[in-house]
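Participant: The structure that follows is given in the form of structure tokens.
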Amino acid sequence: MEDEILKAKNHFIQGMSRISNFWGFPKAMGAIYGAIYLSPELLSLDEIVEQVGVTKGSVSTNVRQLERLGMVHKKLQIGDRKDYYLPETDFWKIIKGILREREKSEFDLALRTVDESLEMVQEGGEENEKIIFYKERMGAMQSLFKTLDNLVSTLLALENLVSLSTLKNLLDKEERK
């Protein structure tokens, strides 16, 4: 029975690794989140290294990224110098963290690269089939990226608005008492 549970845990961790890789994050990051997520207790870096089988440096780097995304949280134990980690289990918070992270360099760089490439093609001189083709393709990609950027910004703004609205409603109810 214990072997089956260990197999299931390892299978889950491997799945998290694949999903992480699919979304453009390191495989180790997904495996680390999977190990922390399935742990009923807080895990130290050493325990994560043991469970995931990657170097302590890799675990440390990936745990910091998971913290930035809001997927794990560091906890301190009184009298212990080690850092311990617990998973975020509110998946909406995780999605928001990843969406906020997209506002940072990589997404902006990709969008800027498409914009600059399209500009280069438009300044490329005499129209020919290849220039027309590139303009069409790059323009479509630019449109997609801008739409995604606007969609994510809108979702985050709506979430903030809903939170503010909920807070206002709570305050209004307290005032009426």
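Letters for chains follow the order of the structure tokens (A, B, ...), residue numbers begin at 1 for each chain, and ligand numbers begin at 1 in the order shown.
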Mind checking which residues fall within 9 Å of Ile13 (chain A), counting only C-alpha atoms, ignoring those fewer than 5 positions away in the same chain, and posting them as a PyMOL selection string?

Facilitator: chain A and resi 8+18+30-35+38+52

Participant: Pick out each residue of region 7-172 of chain A that DSSP on the backbone tags as strand (DSSP E); I need them as a list in words.

Facilitator: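 Across region 7-172 of chain A, those assigned strand (DSSP E) are Leu43, Ser44, Val72, His73, Lys74, Lys75, Leu76, Asp83, Tyr84, Tyr85, Leu86 and Pro87 of chain A.
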
Participant: Need to verify the contact set: Val54 (chain A), 12 Å, only C-alpha atoms, exclusion of same-chain residues closer than 6 positions in sequence. Can you return it as a compact mmCIF listing (two decimals) with C-alpha atoms, in the first residue's frame?

Facilitator:
```
# COMPACT_ATOMS: atom_id res chain seq x y z
CA PRO A 26 11.68 24.97 -15.51
CA LYS A 27 10.69 21.34 -14.98
CA ALA A 28 12.30 21.45 -11.54
CA MET A 29 9.99 24.29 -10.53
CA ALA A 31 8.39 19.18 -9.41
CA ILE A 32 9.25 21.33 -6.39
CA LEU A 45 15.16 22.95 1.22
CA ASP A 46 17.02 19.77 2.20
CA GLU A 47 13.79 17.77 2.31
CA ILE A 48 12.75 19.17 -1.08
CA SER A 60 16.75 27.44 -3.87
CA THR A 61 16.48 29.29 -7.19
CA ASN A 62 13.18 27.68 -8.13
```

Participant: Would you mind telling me which residue in A:Lys135, A:Arg100, A:Lys7, A:Arg81 lies nearest to Glu116 (chain A) when using only C-alpha atoms?

Facilitator: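 Nearest candidate to Glu116 (chain A) out of A:Lys135, A:Arg100, A:Lys7, A:Arg81: A:Lys135.
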
Participant: I need the residue nearest Met120 (chain A) from this list: A:Tyr134, A:Tyr85, A:Phe107, A:Phe91. Use only C-alpha atoms for the distance.

Facilitator: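 Between A:Tyr134, A:Tyr85, A:Phe107, A:Phe91, the residue approaching Met120 (chain A) most closely is A:Tyr134.
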
Participant: I'd like to know which residues of chain A are alpha helix (DSSP H) (by DSSP, run on the backbone); could you write them as a tab-separated table (two decimals) with C-alpha atoms, in the first residue's frame?

Facilitator:
```tsv
chain	number	residue	atom	x	y	z
A	2	GLU	CA	2.79	2.41	0.95
A	3	ASP	CA	4.56	1.64	-2.35
A	4	GLU	CA	1.43	2.57	-4.30
A	5	ILE	CA	1.14	5.87	-2.42
A	6	LEU	CA	4.80	6.67	-3.11
A	7	LYS	CA	4.28	5.79	-6.80
A	8	ALA	CA	1.25	8.08	-6.95
A	9	LYS	CA	3.20	10.89	-5.31
A	10	ASN	CA	6.14	10.51	-7.71
A	11	HIS	CA	3.74	10.31	-10.66
A	12	PHE	CA	2.04	13.54	-9.51
A	13	ILE	CA	5.40	15.30	-9.10
A	14	GLN	CA	6.41	14.22	-12.61
A	15	GLY	CA	3.10	15.55	-13.92
A	16	MET	CA	3.69	18.90	-12.25
A	17	SER	CA	7.13	18.94	-13.85
A	18	ARG	CA	5.64	18.41	-17.31
A	19	ILE	CA	2.95	21.05	-16.79
A	20	SER	CA	5.56	23.53	-15.61
A	21	ASN	CA	7.66	22.87	-18.68
A	22	PHE	CA	4.62	23.22	-20.94
A	27	LYS	CA	10.69	21.34	-14.98
A	28	ALA	CA	12.30	21.45	-11.54
A	29	MET	CA	9.99	24.29	-10.53
A	30	GLY	CA	6.91	22.18	-11.20
A	31	ALA	CA	8.39	19.18	-9.41
A	32	ILE	CA	9.25	21.33	-6.39
A	33	TYR	CA	5.74	22.77	-6.24
A	34	GLY	CA	4.32	19.24	-6.55
A	35	ALA	CA	6.44	18.00	-3.63
A	36	ILE	CA	5.51	20.96	-1.43
A	37	TYR	CA	1.84	20.73	-2.44
A	45	LEU	CA	15.16	22.95	1.22
A	46	ASP	CA	17.02	19.77	2.20
A	47	GLU	CA	13.79	17.77	2.31
A	48	ILE	CA	12.75	19.17	-1.08
A	49	VAL	CA	16.15	18.21	-2.53
A	50	GLU	CA	15.63	14.68	-1.21
A	51	GLN	CA	12.15	14.34	-2.67
A	52	VAL	CA	12.75	15.97	-6.05
A	56	LYS	CA	20.12	22.47	-3.53
A	57	GLY	CA	21.06	25.45	-5.69
A	58	SER	CA	18.36	24.58	-8.19
A	59	VAL	CA	15.81	24.10	-5.41
A	60	SER	CA	16.75	27.44	-3.87
A	61	THR	CA	16.48	29.29	-7.19
A	62	ASN	CA	13.18	27.68	-8.13
A	63	VAL	CA	11.66	28.17	-4.68
A	64	ARG	CA	12.40	31.91	-4.93
A	65	GLN	CA	10.58	31.99	-8.28
A	66	LEU	CA	7.66	30.06	-6.77
A	67	GLU	CA	7.56	32.63	-3.96
A	68	ARG	CA	7.48	35.52	-6.47
A	69	LEU	CA	4.57	33.83	-8.24
A	91	PHE	CA	-5.50	28.35	-7.33
A	92	TRP	CA	-7.06	31.72	-8.20
A	93	LYS	CA	-4.25	33.40	-6.22
A	94	ILE	CA	-1.72	31.31	-8.14
A	95	ILE	CA	-3.26	32.29	-11.47
A	96	LYS	CA	-3.20	35.96	-10.47
A	97	GLY	CA	0.45	35.64	-9.47
A	98	ILE	CA	1.35	34.14	-12.81
A	99	LEU	CA	-0.70	36.76	-14.67
A	100	ARG	CA	1.02	39.55	-12.73
A	101	GLU	CA	4.39	38.01	-13.50
A	102	ARG	CA	3.52	38.16	-17.20
A	105	SER	CA	10.09	41.47	-18.66
A	106	GLU	CA	9.48	38.34	-20.76
A	107	PHE	CA	5.99	39.17	-21.98
A	108	ASP	CA	6.87	42.81	-22.52
A	109	LEU	CA	10.05	41.81	-24.35
A	110	ALA	CA	8.12	39.43	-26.62
A	111	LEU	CA	5.54	42.11	-27.41
A	112	ARG	CA	8.24	44.72	-28.00
A	113	THR	CA	10.16	42.32	-30.28
A	114	VAL	CA	7.08	41.73	-32.43
A	115	ASP	CA	6.41	45.50	-32.57
A	116	GLU	CA	10.01	46.24	-33.56
A	117	SER	CA	10.08	43.44	-36.13
A	118	LEU	CA	6.90	44.70	-37.75
A	119	GLU	CA	8.32	48.23	-37.80
A	120	MET	CA	11.50	46.94	-39.49
A	121	VAL	CA	9.45	45.18	-42.17
A	122	GLN	CA	7.33	48.29	-42.74
A	129	GLU	CA	5.30	39.27	-51.66
A	130	LYS	CA	7.59	38.46	-48.75
A	131	ILE	CA	7.14	41.89	-47.11
A	132	ILE	CA	3.36	41.67	-47.51
A	133	PHE	CA	3.41	38.15	-46.06
A	134	TYR	CA	5.59	39.22	-43.10
A	135	LYS	CA	3.40	42.26	-42.41
A	136	GLU	CA	0.32	40.07	-42.39
A	137	ARG	CA	1.83	37.41	-40.11
A	138	MET	CA	3.59	39.80	-37.74
A	139	GLY	CA	0.52	42.03	-37.59
A	140	ALA	CA	-1.63	39.05	-36.61
A	141	MET	CA	0.84	38.10	-33.88
A	142	GLN	CA	1.01	41.70	-32.67
A	143	SER	CA	-2.77	41.81	-32.50
A	144	LEU	CA	-2.89	38.55	-30.51
A	145	PHE	CA	-0.24	39.73	-28.03
A	146	LYS	CA	-1.95	43.08	-27.51
A	147	THR	CA	-5.32	41.37	-27.05
A	148	LEU	CA	-3.80	38.98	-24.48
A	149	ASP	CA	-2.10	41.87	-22.71
A	150	ASN	CA	-5.37	43.81	-22.55
A	151	LEU	CA	-7.31	40.72	-21.43
A	152	VAL	CA	-4.90	39.99	-18.59
A	153	SER	CA	-4.85	43.64	-17.51
A	154	THR	CA	-8.65	43.69	-17.54
A	155	LEU	CA	-8.89	40.47	-15.51
A	156	LEU	CA	-6.49	41.83	-12.91
A	157	ALA	CA	-8.32	45.17	-12.79
A	158	LEU	CA	-11.68	43.42	-12.44
A	159	GLU	CA	-10.31	41.31	-9.62
A	160	ASN	CA	-9.10	44.46	-7.86
A	161	LEU	CA	-12.45	46.13	-8.51
A	162	VAL	CA	-14.36	43.15	-7.15
A	163	SER	CA	-12.13	43.13	-4.07
A	164	LEU	CA	-12.67	46.85	-3.53
A	165	SER	CA	-16.40	46.44	-4.13
A	166	THR	CA	-16.57	43.56	-1.65
A	167	LEU	CA	-14.64	45.60	0.92
A	168	LYS	CA	-16.92	48.60	0.38
A	169	ASN	CA	-20.01	46.39	0.82
A	170	LEU	CA	-18.62	44.99	4.05
A	171	LEU	CA	-17.87	48.48	5.36
A	172	ASP	CA	-21.33	49.70	4.34
A	173	LYS	CA	-22.93	46.79	6.24
A	174	GLU	CA	-20.88	47.61	9.34
A	175	GLU	CA	-21.97	51.28	9.17
A	176	ARG	CA	-25.65	50.27	9.00
```

Participant: Ranking A:Ile78, A:Val72, A:Met1, A:Leu86 by minimum distance to Glu41 (chain A) and counting only C-alpha atoms, which one comes first?

Facilitator: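 Once distances to Glu41 (chain A) are computed over only C-alpha atoms, the minimum belongs to A:Leu86.
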